[in-house]
Amino acid sequence: MFEKGEYVVYGSKGVCQIQDISPVDIPGADKNRLYYIMRPVQNTRGTVYLPTDSTKAVIRRVMSREEAHRLIDEIPQIEQLQVPDEKRREASYKEALMTCSVRVWVSIIKALHVRKEERLALGKKITALDERYLNASEQELYGELSLVLGLPKDEVASCIQDHIEKK
């Protein structure tokens, strides 16, 4: 069980801070059930409710600073996401994004950057679908790295690039 004040990564909501753990008084909620009441870091006006005993939700603690540095070191070795069937491209991206795995997010980003460069070389633009999932993956990864490394979110990508180039 997580604790009040702790930062977690929750599904497509990204990094959230647990504000409270208590029953909630909202329509449709079981008043005898405990909920994590969370505030998304990127949307401080929003509130997310998740039953503490949920087995369907993907939720995990944010990585440590050491894990973040290790991940950045490993980025060149992480394989890009393979999409075996063009018809399932969106489903593949969606499934991968929902894993809440930073390594999988990196694999999506790498695959979509390669795909974008290939399309640009052919004189085409990135597809709306690819752009949506590239942005979503970057938001998730950079949001978590921003928090644990104490960097502004808009500086995370260049920090990663600089680190990789120095190696």
# chains A, B, ... in the order shown; residues from 1 in each chain; ligands from 1
call {"tool": "closest_atom_pairs", "arguments": {"of": "stretch 35-62 of chain A", "to": "stretch 90-110 of chain A", "cutoff": "8 Å", "atoms": "only C-alpha atoms", "output": "CSV"}}
result
residue,atom,partner,partner_atom,distance
A:Val58,CA,A:Cys100,CA,6.8
A:Ile59,CA,A:Cys100,CA,7.4
A:Arg60,CA,A:Cys100,CA,7.8
call {"tool": "select_by_dssp", "arguments": {"residues": "chain A", "states": "strand (DSSP E)", "output": "PDB file with N, CA and C atoms, in the first residue's frame"}}
result
ATOM      1  N   TYR A   7       4.684   9.922  -4.153  1.00  0.00           N
ATOM      2  CA  TYR A   7       4.484  10.092  -5.585  1.00  0.00           C
ATOM      3  C   TYR A   7       4.400   8.722  -6.236  1.00  0.00           C
ATOM      4  N   VAL A   8       3.425   8.586  -7.142  1.00  0.00           N
ATOM      5  CA  VAL A   8       3.224   7.337  -7.865  1.00  0.00           C
ATOM      6  C   VAL A   8       2.990   7.657  -9.337  1.00  0.00           C
ATOM      7  N   VAL A   9       3.138   6.630 -10.170  1.00  0.00           N
ATOM      8  CA  VAL A   9       2.759   6.734 -11.575  1.00  0.00           C
ATOM      9  C   VAL A   9       1.506   5.884 -11.713  1.00  0.00           C
ATOM     10  N   TYR A  10       0.453   6.504 -12.220  1.00  0.00           N
ATOM     11  CA  TYR A  10      -0.829   5.817 -12.317  1.00  0.00           C
ATOM     12  C   TYR A  10      -1.357   5.863 -13.743  1.00  0.00           C
ATOM     13  N   GLY A  14      -0.304   9.688 -15.358  1.00  0.00           N
ATOM     14  CA  GLY A  14       1.072  10.124 -15.133  1.00  0.00           C
ATOM     15  C   GLY A  14       1.429  10.164 -13.661  1.00  0.00           C
ATOM     16  N   VAL A  15       2.366  11.030 -13.327  1.00  0.00           N
ATOM     17  CA  VAL A  15       2.833  11.146 -11.946  1.00  0.00           C
ATOM     18  C   VAL A  15       1.760  11.854 -11.127  1.00  0.00           C
ATOM     19  N   CYS A  16       1.417  11.237 -10.013  1.00  0.00           N
ATOM     20  CA  CYS A  16       0.425  11.799  -9.093  1.00  0.00           C
ATOM     21  C   CYS A  16       0.998  11.766  -7.682  1.00  0.00           C
ATOM     22  N   GLN A  17       0.552  12.701  -6.865  1.00  0.00           N
ATOM     23  CA  GLN A  17       0.901  12.664  -5.448  1.00  0.00           C
ATOM     24  C   GLN A  17      -0.342  12.248  -4.679  1.00  0.00           C
ATOM     25  N   ILE A  18      -0.170  11.293  -3.783  1.00  0.00           N
ATOM     26  CA  ILE A  18      -1.292  10.829  -2.975  1.00  0.00           C
ATOM     27  C   ILE A  18      -1.579  11.885  -1.911  1.00  0.00           C
ATOM     28  N   GLN A  19      -2.758  12.461  -1.988  1.00  0.00           N
ATOM     29  CA  GLN A  19      -3.175  13.505  -1.062  1.00  0.00           C
ATOM     30  C   GLN A  19      -3.781  12.930   0.207  1.00  0.00           C
ATOM     31  N   ASP A  20      -4.504  11.806   0.029  1.00  0.00           N
ATOM     32  CA  ASP A  20      -5.184  11.198   1.168  1.00  0.00           C
ATOM     33  C   ASP A  20      -5.510   9.752   0.827  1.00  0.00           C
ATOM     34  N   ILE A  21      -5.789   8.987   1.854  1.00  0.00           N
ATOM     35  CA  ILE A  21      -6.252   7.607   1.691  1.00  0.00           C
ATOM     36  C   ILE A  21      -7.447   7.485   2.621  1.00  0.00           C
ATOM     37  N   SER A  22      -8.630   7.420   2.025  1.00  0.00           N
ATOM     38  CA  SER A  22      -9.850   7.407   2.846  1.00  0.00           C
ATOM     39  C   SER A  22     -11.038   6.984   1.995  1.00  0.00           C
ATOM     40  N   TYR A  35      -9.879   4.648  -0.719  1.00  0.00           N
ATOM     41  CA  TYR A  35      -9.425   5.142  -2.017  1.00  0.00           C
ATOM     42  C   TYR A  35      -8.152   5.949  -1.844  1.00  0.00           C
ATOM     43  N   TYR A  36      -7.289   5.847  -2.857  1.00  0.00           N
ATOM     44  CA  TYR A  36      -6.188   6.800  -2.960  1.00  0.00           C
ATOM     45  C   TYR A  36      -6.811   8.038  -3.597  1.00  0.00           C
ATOM     46  N   ILE A  37      -6.636   9.166  -2.973  1.00  0.00           N
ATOM     47  CA  ILE A  37      -7.094  10.430  -3.533  1.00  0.00           C
ATOM     48  C   ILE A  37      -5.822  11.136  -3.976  1.00  0.00           C
ATOM     49  N   MET A  38      -5.683  11.274  -5.298  1.00  0.00           N
ATOM     50  CA  MET A  38      -4.413  11.719  -5.860  1.00  0.00           C
ATOM     51  C   MET A  38      -4.568  12.990  -6.685  1.00  0.00           C
ATOM     52  N   ARG A  39      -3.501  13.765  -6.703  1.00  0.00           N
ATOM     53  CA  ARG A  39      -3.438  14.980  -7.514  1.00  0.00           C
ATOM     54  C   ARG A  39      -2.364  14.757  -8.579  1.00  0.00           C
ATOM     55  N   PRO A  40      -2.757  14.775  -9.876  1.00  0.00           N
ATOM     56  CA  PRO A  40      -1.751  14.658 -10.933  1.00  0.00           C
ATOM     57  C   PRO A  40      -0.782  15.838 -10.883  1.00  0.00           C
ATOM     58  N   VAL A  48      -7.798  12.463  -8.801  1.00  0.00           N
ATOM     59  CA  VAL A  48      -7.986  11.096  -9.275  1.00  0.00           C
ATOM     60  C   VAL A  48      -8.291  10.223  -8.067  1.00  0.00           C
ATOM     61  N   TYR A  49      -9.279   9.348  -8.218  1.00  0.00           N
ATOM     62  CA  TYR A  49      -9.668   8.438  -7.148  1.00  0.00           C
ATOM     63  C   TYR A  49      -9.415   7.013  -7.614  1.00  0.00           C
ATOM     64  N   LEU A  50      -8.762   6.235  -6.778  1.00  0.00           N
ATOM     65  CA  LEU A  50      -8.480   4.841  -7.117  1.00  0.00           C
ATOM     66  C   LEU A  50      -8.646   3.989  -5.865  1.00  0.00           C
ATOM     67  N   PRO A  51      -9.495   2.955  -5.943  1.00  0.00           N
ATOM     68  CA  PRO A  51      -9.613   2.070  -4.780  1.00  0.00           C
ATOM     69  C   PRO A  51      -8.257   1.464  -4.431  1.00  0.00           C
ATOM     70  N   ILE A  59      -0.360   0.857 -11.194  1.00  0.00           N
ATOM     71  CA  ILE A  59       0.146   1.948 -10.366  1.00  0.00           C
ATOM     72  C   ILE A  59       1.468   1.480  -9.755  1.00  0.00           C
ATOM     73  N   ARG A  60       2.434   2.394  -9.720  1.00  0.00           N
ATOM     74  CA  ARG A  60       3.737   2.048  -9.145  1.00  0.00           C
ATOM     75  C   ARG A  60       4.368   3.300  -8.557  1.00  0.00           C
ATOM     76  N   ARG A  61       5.353   3.083  -7.709  1.00  0.00           N
ATOM     77  CA  ARG A  61       6.114   4.210  -7.167  1.00  0.00           C
ATOM     78  C   ARG A  61       6.946   4.841  -8.274  1.00  0.00           C
TER      79      ARG A  61
END
call {"tool": "select_by_dssp", "arguments": {"residues": "stretch 4-148 of chain A", "states": "helix (DSSP H, G or I)", "output": "PyMOL selection string"}}
result
chain A and resi 11-13+65-77+86-97+102-121+128-148
